[in-house]
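Beneath this line is the structure, given in structure tokens, with notes to follow.
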Amino acid sequence: MEHNRLWPIADRASRLWWRTVGRPVDLAGDHSWLTAPTSAAGVVRDHWLPAEAERLGGALIAADADAGLLPDMGCLAGPGFDPGRLDPAIRDFYEHTSQWRMEVWTQWSPLFAPGGSMIGRLYGKRVQQLALPVDPLAVAHGVDSAITKVIDRDGDHVGSAWLRTLRGTGDFMYSGYYRSVVLPGHDRPSIHVSFPLEQGNVQVFLRPQNGKDGSLLLESPAGEFGADGAYVTVLERGRHYAARVPIREEFRIYVDGEGVLRTDHVLRMWRMAAMRLHYRLDRVSARSRATSEAAG
């Protein structure tokens, strides 16, 4: 179809835009903190994972029933954040994510919903990445998640791919890569989340903070280039370019009065709330997990 032939042109135009508004970066030098997985042309899904393992000289470990987004929350310890103060359930979720089941609710601002819907129809579903659901019923059947660990040539766990799909359709919502990093000039680690795209990626650096009653606060605030926040990087004509983008995210992970682990997530464009998500997280027993896998 005609529109299928136009997509490569649109994707190239997008990269040219980010090259124009961004700045040249040296991923092998001063800007190595922006090194993150990218994808080849076409559908993203989890197709980028083998290339990332090869780049590190390592391997992938999929279907690990005990895998987490981070090998140990202690890797985030630093001035202003003490993992020892977290509720044990929060620590367990991040260190053993594969053992948790997720339910999601979404609400878009009327101002941003039309744009989100257009992106979802024309982009997210097409490439199976960053497909933010605008219709609340799209997530009515829940979200499935799987963790694939990435290990380096020494066998060390250096990152985790968190693959989230709509339970009702199997479509990918997010295909993200999680690890901890210390940004240049900073004295504490951040959570680095990257979402591979064709010849580029979207990256978010989240600053962890202790909240009340053992809760965890994660924030990608406004700031200067090189600080926590959101970035887009692209590869164009053999050069890398990066731009800081006005997306701010706030997560509050907490245990409610009934002992249920929950997350409130707000995505802002500049200062305006564009979308709110709420997650209910439940630990799944080994028996329930085996039954679910057999049914699938």
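Within each chain, counting starts at residue 1; across the structure tokens, chains are named A, B, ... in the order shown, with ligands numbered 1 upward in that order.
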Arg244 in chain A environment, 7 Å, only C-alpha atoms, sequence neighbours closer than 2 positions dropped, as a ChimeraX atom specification: /A:225,230-232,242,246
Taking a cut-off of 7 Å and counting only C-alpha atoms, can you build a table that, for each residue of range 52-171 of chain A near range 29-43 of chain A, reports the nearest atom pair and how far apart they are in Å (one decimal), sorted by chain then residue number, as a Markdown table?
| residue | atom | partner | partner_atom | distance |
| --- | --- | --- | --- | --- |
| A:Glu52 | CA | A:Pro37 | CA | 6.1 |
| A:Arg126 | CA | A:Val43 | CA | 6.8 |
| A:Val127 | CA | A:Val43 | CA | 4.2 |
| A:Gln128 | CA | A:Val43 | CA | 6.0 |
Can you build me a table of range 156-260 of chain A residues sitting at most 10 Å from range 92-103 of chain A, with the closest atom pair per residue and its distance in Å to one decimal, using only C-alpha atoms, sorted by chain and residue number, as CSV?
residue,atom,partner,partner_atom,distance
A:Trp162,CA,A:Thr97,CA,9.0
A:Arg164,CA,A:Met102,CA,9.7
A:Arg167,CA,A:Glu103,CA,9.9
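From CA of Asn201 in chain A back to CA of Ile247 in chain A, the distance works out to 14.4 Å.
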Based on the backbone DSSP call, show me all residues of range 75-290 of chain A assigned strand (DSSP E or B), as a PyMOL selection string. chain A and resi 78+81+100-108+143-151+157-166+172-181+190-198+200-210+216-220+229-236+239-245+247-255+261-269+272-283
Show me, as a list in words, the residues that have an atom within 9 Å of Pro189 in chain A when counting only C-alpha atoms, minus same-chain residues fewer than 3 positions from it. Cys75, Leu76, Ala77, Gly78, Ser180, Val181, Val182, Leu183, His186, Arg207 and Pro208 of chain A
Please dump the current selection as an mmCIF file, in the first residue's frame; keep N, CA and C atoms.
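Wrote selection_5.cif, looks like this:
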data_model
loop_
_atom_site.group_PDB
_atom_site.id
_atom_site.type_symbol
_atom_site.label_atom_id
_atom_site.label_comp_id
_atom_site.auth_asym_id
_atom_site.auth_seq_id
_atom_site.Cartn_x
_atom_site.Cartn_y
_atom_site.Cartn_z
ATOM 1 N N CYS A 75 22.279 -1.034 44.563
ATOM 2 C CA CYS A 75 23.079 -0.347 43.543
ATOM 3 C C CYS A 75 22.661 1.110 43.379
ATOM 4 N N LEU A 76 21.523 1.499 43.969
ATOM 5 C CA LEU A 76 21.058 2.887 43.881
ATOM 6 C C LEU A 76 21.412 3.714 45.109
ATOM 7 N N ALA A 77 22.081 3.107 46.090
ATOM 8 C CA ALA A 77 22.386 3.810 47.334
ATOM 9 C C ALA A 77 23.308 5.000 47.075
ATOM 10 N N GLY A 78 23.032 6.090 47.773
ATOM 11 C CA GLY A 78 23.855 7.279 47.641
ATOM 12 C C GLY A 78 23.266 8.404 48.451
ATOM 13 N N SER A 180 21.276 0.722 36.341
ATOM 14 C CA SER A 180 21.637 1.878 37.164
ATOM 15 C C SER A 180 22.905 2.513 36.610
ATOM 16 N N VAL A 181 22.959 3.850 36.652
ATOM 17 C CA VAL A 181 24.127 4.585 36.167
ATOM 18 C C VAL A 181 24.377 5.769 37.089
ATOM 19 N N VAL A 182 25.592 6.262 37.060
ATOM 20 C CA VAL A 182 25.926 7.511 37.734
ATOM 21 C C VAL A 182 26.268 8.522 36.648
ATOM 22 N N LEU A 183 25.450 9.571 36.536
ATOM 23 C CA LEU A 183 25.694 10.580 35.521
ATOM 24 C C LEU A 183 26.953 11.377 35.841
ATOM 25 N N HIS A 186 27.705 13.673 39.077
ATOM 26 C CA HIS A 186 26.711 13.380 40.092
ATOM 27 C C HIS A 186 27.289 12.440 41.146
ATOM 28 N N ARG A 207 15.652 9.866 39.080
ATOM 29 C CA ARG A 207 16.333 10.092 40.350
ATOM 30 C C ARG A 207 15.526 9.439 41.479
ATOM 31 N N PRO A 208 16.108 8.496 42.214
ATOM 32 C CA PRO A 208 15.368 7.851 43.309
ATOM 33 C C PRO A 208 15.419 8.667 44.596
#
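Our summary of the geometry notes that CA of Ser14 in chain A is positioned 12.8 Å from CA of Val202 in chain A.
Note that the spacing between CA of Leu137 in chain A and CA of Lys125 in chain A amounts to 15.8 Å.
Proximity of A:Leu56, A:Ser220, A:Phe112, A:Asp66 to Val284 in chain A, computed with only C-alpha atoms, is greatest for A:Asp66.
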Would you list, as a tab-separated table (two decimals) with all heavy atoms, in the first residue's frame, the residues of range 4-128 of chain A that end up in alpha helix (DSSP H) under DSSP run on this structure's backbone?
chain	number	residue	atom	x	y	z
A	4	ASN	N	2.46	2.47	3.25
A	4	ASN	CA	3.57	1.66	3.74
A	4	ASN	C	4.90	2.14	3.17
A	4	ASN	O	5.94	2.05	3.83
A	4	ASN	CB	3.35	0.18	3.38
A	4	ASN	CG	2.22	-0.43	4.18
A	4	ASN	OD1	1.91	0.02	5.27
A	4	ASN	ND2	1.58	-1.46	3.63
A	5	ARG	N	4.87	2.62	1.93
A	5	ARG	CA	6.10	3.12	1.31
A	5	ARG	C	6.50	4.48	1.87
A	5	ARG	O	7.66	4.90	1.74
A	5	ARG	CB	5.91	3.21	-0.21
A	5	ARG	CG	5.78	1.85	-0.89
A	5	ARG	CD	5.96	1.98	-2.39
A	5	ARG	NE	4.88	2.72	-3.00
A	5	ARG	CZ	3.77	2.15	-3.48
A	5	ARG	NH1	3.61	0.84	-3.39
A	5	ARG	NH2	2.83	2.90	-4.05
A	6	LEU	N	5.54	5.17	2.48
A	6	LEU	CA	5.84	6.49	3.02
A	6	LEU	C	6.43	6.44	4.42
A	6	LEU	O	7.06	7.40	4.86
A	6	LEU	CB	4.56	7.34	3.04
A	6	LEU	CG	3.96	7.70	1.68
A	6	LEU	CD1	2.67	8.48	1.88
A	6	LEU	CD2	4.95	8.50	0.84
A	7	TRP	N	6.23	5.32	5.14
A	7	TRP	CA	6.71	5.26	6.52
A	7	TRP	C	8.22	5.45	6.63
A	7	TRP	O	8.69	6.18	7.52
A	7	TRP	CB	6.29	3.96	7.18
A	7	TRP	CG	4.85	3.94	7.61
A	7	TRP	CD1	3.90	3.03	7.26
A	7	TRP	CD2	4.20	4.88	8.46
A	7	TRP	NE1	2.70	3.35	7.84
A	7	TRP	CE2	2.85	4.48	8.57
A	7	TRP	CE3	4.61	6.04	9.12
A	7	TRP	CZ2	1.93	5.19	9.34
A	7	TRP	CZ3	3.70	6.75	9.87
A	7	TRP	CH2	2.37	6.32	9.98
A	8	PRO	N	9.06	4.83	5.80
A	8	PRO	CA	10.50	5.08	5.90
A	8	PRO	C	10.86	6.55	5.73
A	8	PRO	O	11.79	7.06	6.37
A	8	PRO	CB	11.10	4.22	4.78
A	8	PRO	CG	10.10	3.12	4.58
A	8	PRO	CD	8.76	3.78	4.79
A	9	ILE	N	10.11	7.24	4.87
A	9	ILE	CA	10.36	8.67	4.68
A	9	ILE	C	10.01	9.44	5.96
A	9	ILE	O	10.75	10.33	6.40
A	9	ILE	CB	9.54	9.20	3.48
A	9	ILE	CG1	9.96	8.49	2.20
A	9	ILE	CG2	9.71	10.71	3.35
A	9	ILE	CD1	9.11	8.84	0.99
A	10	ALA	N	8.87	9.07	6.56
A	10	ALA	CA	8.47	9.74	7.80
A	10	ALA	C	9.45	9.47	8.92
A	10	ALA	O	9.79	10.38	9.71
A	10	ALA	CB	7.07	9.28	8.19
A	11	ASP	N	9.93	8.24	9.01
A	11	ASP	CA	10.89	7.90	10.06
A	11	ASP	C	12.20	8.66	9.87
A	11	ASP	O	12.80	9.14	10.84
A	11	ASP	CB	11.15	6.39	10.08
A	11	ASP	CG	9.93	5.60	10.52
A	11	ASP	OD1	9.06	6.17	11.20
A	11	ASP	OD2	9.85	4.41	10.20
A	12	ARG	N	12.64	8.77	8.63
A	12	ARG	CA	13.87	9.53	8.35
A	12	ARG	C	13.66	11.01	8.68
A	12	ARG	O	14.55	11.66	9.25
A	12	ARG	CB	14.23	9.37	6.87
A	12	ARG	CG	15.42	10.22	6.43
A	12	ARG	CD	16.74	9.67	6.94
A	12	ARG	NE	17.84	10.58	6.74
A	12	ARG	CZ	18.41	10.85	5.56
A	12	ARG	NH1	17.97	10.26	4.46
A	12	ARG	NH2	19.42	11.70	5.49
A	13	ALA	N	12.50	11.54	8.35
A	13	ALA	CA	12.21	12.94	8.66
A	13	ALA	C	12.25	13.17	10.16
A	13	ALA	O	12.71	14.22	10.63
A	13	ALA	CB	10.85	13.33	8.09
A	14	SER	N	11.77	12.21	10.93
A	14	SER	CA	11.80	12.33	12.39
A	14	SER	C	13.24	12.41	12.89
A	14	SER	O	13.57	13.23	13.75
A	14	SER	CB	11.09	11.13	13.02
A	14	SER	OG	11.22	11.15	14.42
A	15	ARG	N	14.11	11.56	12.34
A	15	ARG	CA	15.52	11.60	12.77
A	15	ARG	C	16.17	12.93	12.38
A	15	ARG	O	16.99	13.47	13.13
A	15	ARG	CB	16.29	10.42	12.18
A	15	ARG	CG	15.85	9.08	12.73
A	15	ARG	CD	16.87	7.99	12.42
A	15	ARG	NE	17.04	7.78	11.00
A	15	ARG	CZ	16.27	7.00	10.26
A	15	ARG	NH1	15.24	6.37	10.81
A	15	ARG	NH2	16.51	6.85	8.97
A	16	LEU	N	15.83	13.45	11.21
A	16	LEU	CA	16.38	14.74	10.79
A	16	LEU	C	15.93	15.85	11.73
A	16	LEU	O	16.69	16.78	12.03
A	16	LEU	CB	15.97	15.04	9.35
A	16	LEU	CG	16.63	14.19	8.26
A	16	LEU	CD1	16.00	14.48	6.91
A	16	LEU	CD2	18.13	14.43	8.22
A	17	TRP	N	14.69	15.77	12.20
A	17	TRP	CA	14.19	16.77	13.14
A	17	TRP	C	15.01	16.74	14.42
A	17	TRP	O	15.44	17.79	14.92
A	17	TRP	CB	12.72	16.51	13.43
A	17	TRP	CG	12.23	17.21	14.67
A	17	TRP	CD1	12.01	16.65	15.89
A	17	TRP	CD2	11.94	18.61	14.80
A	17	TRP	NE1	11.60	17.60	16.79
A	17	TRP	CE2	11.54	18.81	16.16
A	17	TRP	CE3	11.97	19.69	13.93
A	17	TRP	CZ2	11.18	20.07	16.63
A	17	TRP	CZ3	11.60	20.94	14.41
A	17	TRP	CH2	11.21	21.12	15.75
A	18	TRP	N	15.24	15.53	14.96
A	18	TRP	CA	15.99	15.44	16.21
A	18	TRP	C	17.45	15.83	16.01
A	18	TRP	O	18.07	16.39	16.93
A	18	TRP	CB	15.88	14.04	16.79
A	18	TRP	CG	14.52	13.75	17.33
A	18	TRP	CD1	13.61	12.85	16.87
A	18	TRP	CD2	13.88	14.43	18.42
A	18	TRP	NE1	12.45	12.91	17.60
A	18	TRP	CE2	12.58	13.87	18.56
A	18	TRP	CE3	14.26	15.46	19.29
A	18	TRP	CZ2	11.69	14.30	19.54
A	18	TRP	CZ3	13.36	15.89	20.26
A	18	TRP	CH2	12.10	15.31	20.38
A	19	ARG	N	17.99	15.60	14.82
A	19	ARG	CA	19.35	16.09	14.55
A	19	ARG	C	19.37	17.61	14.56
A	19	ARG	O	20.31	18.23	15.08
A	19	ARG	CB	19.83	15.57	13.18
A	19	ARG	CG	21.29	15.93	12.91
A	19	ARG	CD	21.70	15.59	11.50
A	19	ARG	NE	21.16	16.54	10.53
A	19	ARG	CZ	21.50	16.57	9.25
A	19	ARG	NH1	22.37	15.69	8.77
A	19	ARG	NH2	20.96	17.46	8.43
A	20	THR	N	18.32	18.23	14.02
A	20	THR	CA	18.26	19.69	13.94
A	20	THR	C	18.15	20.33	15.31
A	20	THR	O	18.83	21.33	15.60
A	20	THR	CB	17.07	20.12	13.06
A	20	THR	OG1	17.21	19.55	11.76
A	20	THR	CG2	16.99	21.63	12.96
A	21	VAL	N	17.29	19.79	16.17
A	21	VAL	CA	17.07	20.40	17.49
A	21	VAL	C	18.05	19.90	18.54
A	21	VAL	O	18.13	20.47	19.64
A	21	VAL	CB	15.63	20.17	17.98
A	21	VAL	CG1	14.63	20.75	16.99
A	21	VAL	CG2	15.35	18.68	18.22
A	49	LEU	N	17.39	-7.06	21.31
A	49	LEU	CA	18.12	-7.70	22.41
A	49	LEU	C	19.38	-8.47	21.98
A	49	LEU	O	20.43	-8.31	22.60
A	49	LEU	CB	17.19	-8.60	23.20
A	49	LEU	CG	16.44	-7.93	24.35
A	49	LEU	CD1	15.30	-8.81	24.85
A	49	LEU	CD2	17.39	-7.60	25.48
A	50	PRO	N	19.32	-9.32	20.95
A	50	PRO	CA	20.55	-10.04	20.58
A	50	PRO	C	21.71	-9.11	20.22
A	50	PRO	O	22.86	-9.40	20.58
A	50	PRO	CB	20.10	-10.87	19.36
A	50	PRO	CG	18.63	-11.06	19.57
A	50	PRO	CD	18.16	-9.77	20.17
A	51	ALA	N	21.41	-8.01	19.55
A	51	ALA	CA	22.47	-7.08	19.18
A	51	ALA	C	23.10	-6.44	20.41
A	51	ALA	O	24.32	-6.20	20.45
A	51	ALA	CB	21.94	-6.01	18.23
A	52	GLU	N	22.29	-6.13	21.41
A	52	GLU	CA	22.83	-5.53	22.63
A	52	GLU	C	23.72	-6.53	23.37
A	52	GLU	O	24.79	-6.16	23.86
A	52	GLU	CB	21.69	-5.06	23.53
A	52	GLU	CG	22.15	-4.40	24.82
A	52	GLU	CD	22.94	-3.13	24.63
A	52	GLU	OE1	22.98	-2.60	23.48
A	52	GLU	OE2	23.53	-2.64	25.61
A	53	ALA	N	23.30	-7.78	23.45
A	53	ALA	CA	24.13	-8.79	24.10
A	53	ALA	C	25.45	-8.97	23.34
A	53	ALA	O	26.52	-9.10	23.95
A	53	ALA	CB	23.38	-10.12	24.18
A	54	GLU	N	25.38	-8.94	22.01
A	54	GLU	CA	26.59	-9.08	21.20
A	54	GLU	C	27.53	-7.89	21.41
A	54	GLU	O	28.74	-8.06	21.50
A	54	GLU	CB	26.21	-9.21	19.73
A	54	GLU	CG	27.42	-9.40	18.81
A	54	GLU	CD	27.00	-9.56	17.36
A	54	GLU	OE1	25.79	-9.54	17.07
A	54	GLU	OE2	27.91	-9.68	16.51
A	55	ARG	N	26.96	-6.68	21.51
A	55	ARG	CA	27.78	-5.49	21.73
A	55	ARG	C	28.56	-5.59	23.03
A	55	ARG	O	29.72	-5.15	23.11
A	55	ARG	CB	26.89	-4.24	21.76
A	55	ARG	CG	27.64	-2.93	21.91
A	55	ARG	CD	26.69	-1.75	22.02
A	55	ARG	NE	26.00	-1.72	23.31
A	55	ARG	CZ	26.53	-1.22	24.42
A	55	ARG	NH1	27.76	-0.70	24.41
A	55	ARG	NH2	25.85	-1.21	25.55
A	88	PRO	N	9.74	-3.65	52.19
A	88	PRO	CA	10.29	-4.87	51.58
A	88	PRO	C	9.59	-5.27	50.28
A	88	PRO	O	10.23	-5.84	49.38
A	88	PRO	CB	10.08	-5.94	52.67
A	88	PRO	CG	10.09	-5.16	53.94
A	88	PRO	CD	9.44	-3.85	53.62
A	89	ALA	N	8.30	-4.99	50.15
A	89	ALA	CA	7.58	-5.35	48.93
A	89	ALA	C	8.12	-4.59	47.72
A	89	ALA	O	8.18	-5.13	46.61
A	89	ALA	CB	6.09	-5.11	49.09
A	90	ILE	N	8.48	-3.33	47.91
A	90	ILE	CA	9.02	-2.53	46.81
A	90	ILE	C	10.37	-3.09	46.38
A	90	ILE	O	10.63	-3.25	45.17
A	90	ILE	CB	9.14	-1.06	47.23
A	90	ILE	CG1	7.76	-0.48	47.53
A	90	ILE	CG2	9.85	-0.24	46.16
A	90	ILE	CD1	7.79	0.93	48.09
A	91	ARG	N	11.19	-3.39	47.33
A	91	ARG	CA	12.49	-3.96	47.00
A	91	ARG	C	12.33	-5.30	46.29
A	91	ARG	O	13.02	-5.60	45.31
A	91	ARG	CB	13.31	-4.11	48.28
A	91	ARG	CG	14.75	-4.53	48.02
A	91	ARG	CD	15.63	-4.18	49.19
A	91	ARG	NE	17.04	-4.37	48.82
A	91	ARG	CZ	18.04	-3.76	49.42
A	91	ARG	NH1	17.81	-2.90	50.40
A	91	ARG	NH2	19.28	-3.98	49.03
A	92	ASP	N	11.38	-6.10	46.76
A	92	ASP	CA	11.14	-7.41	46.15
A	92	ASP	C	10.68	-7.25	44.71
A	92	ASP	O	11.10	-8.01	43.82
A	92	ASP	CB	10.10	-8.17	46.96
A	92	ASP	CG	9.91	-9.59	46.46
A	92	ASP	OD1	10.72	-10.46	46.84
A	92	ASP	OD2	8.97	-9.84	45.67
A	93	PHE	N	9.83	-6.25	44.44
A	93	PHE	CA	9.36	-6.04	43.08
A	93	PHE	C	10.52	-5.72	42.14
A	93	PHE	O	10.61	-6.29	41.03
A	93	PHE	CB	8.33	-4.92	43.03
A	93	PHE	CG	7.99	-4.49	41.63
A	93	PHE	CD1	7.18	-5.28	40.83
A	93	PHE	CD2	8.50	-3.31	41.10
A	93	PHE	CE1	6.89	-4.90	39.53
A	93	PHE	CE2	8.21	-2.93	39.81
A	93	PHE	CZ	7.39	-3.73	39.02
A	94	TYR	N	11.39	-4.84	42.53
A	94	TYR	CA	12.49	-4.45	41.63
A	94	TYR	C	13.54	-5.54	41.49
A	94	TYR	O	14.17	-5.66	40.43
A	94	TYR	CB	13.14	-3.16	42.13
A	94	TYR	CG	12.40	-1.93	41.66
A	94	TYR	CD1	11.38	-1.38	42.44
A	94	TYR	CD2	12.66	-1.35	40.43
A	94	TYR	CE1	10.67	-0.27	42.00
A	94	TYR	CE2	11.97	-0.25	39.98
A	94	TYR	CZ	10.97	0.29	40.77
A	94	TYR	OH	10.25	1.38	40.32
A	95	GLU	N	13.72	-6.36	42.50
A	95	GLU	CA	14.75	-7.40	42.43
A	95	GLU	C	14.22	-8.72	41.90
A	95	GLU	O	15.02	-9.57	41.47
A	95	GLU	CB	15.35	-7.59	43.83
A	95	GLU	CG	16.08	-6.36	44.34
A	95	GLU	CD	16.61	-6.51	45.76
A	95	GLU	OE1	16.32	-7.54	46.40
A	95	GLU	OE2	17.32	-5.59	46.22
A	113	ALA	N	-4.90	13.98	24.75
A	113	ALA	CA	-5.44	12.70	24.28
A	113	ALA	C	-5.46	12.58	22.75
A	113	ALA	O	-5.10	11.52	22.21
A	113	ALA	CB	-6.83	12.46	24.85
A	114	PRO	N	-5.87	13.62	21.98
A	114	PRO	CA	-5.86	13.47	20.52
A	114	PRO	C	-4.47	13.18	19.96
A	114	PRO	O	-4.32	12.32	19.08
A	114	PRO	CB	-6.38	14.83	20.03
A	114	PRO	CG	-7.20	15.34	21.16
A	114	PRO	CD	-6.47	14.91	22.40
A	115	GLY	N	-3.45	13.86	20.49
A	115	GLY	CA	-2.10	13.60	20.03
A	115	GLY	C	-1.64	12.20	20.41
A	115	GLY	O	-1.00	11.51	19.61
A	116	GLY	N	-1.99	11.78	21.63
A	116	GLY	CA	-1.62	10.44	22.06
A	116	GLY	C	-2.29	9.38	21.22
A	116	GLY	O	-1.68	8.36	20.87
A	117	SER	N	-3.56	9.61	20.86
A	117	SER	CA	-4.28	8.66	20.03
A	117	SER	C	-3.66	8.57	18.63
A	117	SER	O	-3.51	7.47	18.07
A	117	SER	CB	-5.75	9.08	19.92
A	117	SER	OG	-6.47	8.18	19.14
A	118	MET	N	-3.28	9.70	18.08
A	118	MET	CA	-2.67	9.71	16.75
A	118	MET	C	-1.34	8.98	16.76
A	118	MET	O	-1.04	8.17	15.87
A	118	MET	CB	-2.48	11.14	16.26
A	118	MET	CG	-1.91	11.24	14.86
A	118	MET	SD	-1.65	12.95	14.32
A	118	MET	CE	-0.32	13.45	15.44
A	119	ILE	N	-0.54	9.24	17.78
A	119	ILE	CA	0.76	8.56	17.88
A	119	ILE	C	0.56	7.06	18.03
A	119	ILE	O	1.26	6.25	17.43
A	119	ILE	CB	1.56	9.12	19.07
A	119	ILE	CG1	1.97	10.57	18.77
A	119	ILE	CG2	2.80	8.28	19.34
A	119	ILE	CD1	2.60	11.28	19.95
A	125	LYS	N	1.58	1.33	17.51
A	125	LYS	CA	1.13	0.00	17.10
A	125	LYS	C	1.94	-0.51	15.91
A	125	LYS	O	2.22	-1.71	15.79
A	125	LYS	CB	-0.36	0.03	16.75
A	125	LYS	CG	-0.96	-1.35	16.52
A	125	LYS	CD	-2.45	-1.26	16.35
A	125	LYS	CE	-3.08	-2.64	16.11
A	125	LYS	NZ	-2.90	-3.52	17.29
A	126	ARG	N	2.35	0.41	15.02
A	126	ARG	CA	3.11	0.00	13.83
A	126	ARG	C	4.47	-0.57	14.21
A	126	ARG	O	4.88	-1.60	13.67
A	126	ARG	CB	3.28	1.20	12.89
A	126	ARG	CG	4.18	0.93	11.69
A	126	ARG	CD	4.18	2.11	10.75
A	126	ARG	NE	4.73	3.31	11.35
A	126	ARG	CZ	6.01	3.68	11.25
A	126	ARG	NH1	6.87	2.93	10.58
A	126	ARG	NH2	6.42	4.80	11.80
A	127	VAL	N	5.18	0.07	15.12
A	127	VAL	CA	6.53	-0.39	15.46
A	127	VAL	C	6.57	-1.20	16.74
A	127	VAL	O	7.62	-1.71	17.12
A	127	VAL	CB	7.52	0.79	15.55
A	127	VAL	CG1	7.55	1.57	14.26
A	127	VAL	CG2	7.18	1.70	16.72
Excluding Gly257 in chain A and residues on its chain fewer than 4 positions from it, collect all residues at most 12 Å away from it, counting only C-alpha atoms, and give them as a PyMOL selection string. chain A and resi 213+261-262
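Residues in contact with Thr169 in chain A at 10 Å, where only C-alpha atoms are counted and same-chain residues fewer than 2 positions away are skipped, are listed as Ala138, Val139, His141, Val143, Thr165, Leu166, Arg167, Asp171 and Phe172 of chain A.
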Could you name the residues that touch Pro221 in chain A at 8 Å or less, counting only C-alpha atoms, but leaving out those on the same chain fewer than 3 positions away, as number ranges by chain? A: 228-229, 248-249
Could you write out that same residue set with all heavy atoms as a CSV table (one decimal), in the first residue's frame?
chain,number,residue,atom,x,y,z
A,228,ASP,N,19.5,14.4,35.3
A,228,ASP,CA,18.3,13.5,35.2
A,228,ASP,C,17.3,14.1,34.3
A,228,ASP,O,17.0,15.3,34.4
A,228,ASP,CB,17.8,13.2,36.6
A,228,ASP,CG,18.7,12.3,37.4
A,228,ASP,OD1,19.0,11.2,37.0
A,228,ASP,OD2,19.2,12.8,38.5
A,229,GLY,N,16.6,13.3,33.6
A,229,GLY,CA,15.5,13.8,32.7
A,229,GLY,C,15.3,12.9,31.5
A,229,GLY,O,15.8,11.7,31.5
A,248,ARG,N,8.5,15.1,31.6
A,248,ARG,CA,8.8,14.9,33.0
A,248,ARG,C,8.0,13.8,33.5
A,248,ARG,O,6.8,13.7,33.2
A,248,ARG,CB,8.6,16.1,33.8
A,248,ARG,CG,9.3,17.4,33.3
A,248,ARG,CD,9.0,18.6,34.1
A,248,ARG,NE,9.5,19.8,33.5
A,248,ARG,CZ,9.4,21.0,34.1
A,248,ARG,NH1,8.7,21.1,35.2
A,248,ARG,NH2,9.9,22.1,33.5
A,249,GLU,N,8.6,12.9,34.2
A,249,GLU,CA,7.8,11.7,34.8
A,249,GLU,C,8.0,11.7,36.3
A,249,GLU,O,9.1,12.0,36.8
A,249,GLU,CB,8.3,10.4,34.1
A,249,GLU,CG,7.9,10.3,32.7
A,249,GLU,CD,8.2,8.9,32.1
A,249,GLU,OE1,7.3,8.0,32.2
A,249,GLU,OE2,9.3,8.7,31.6
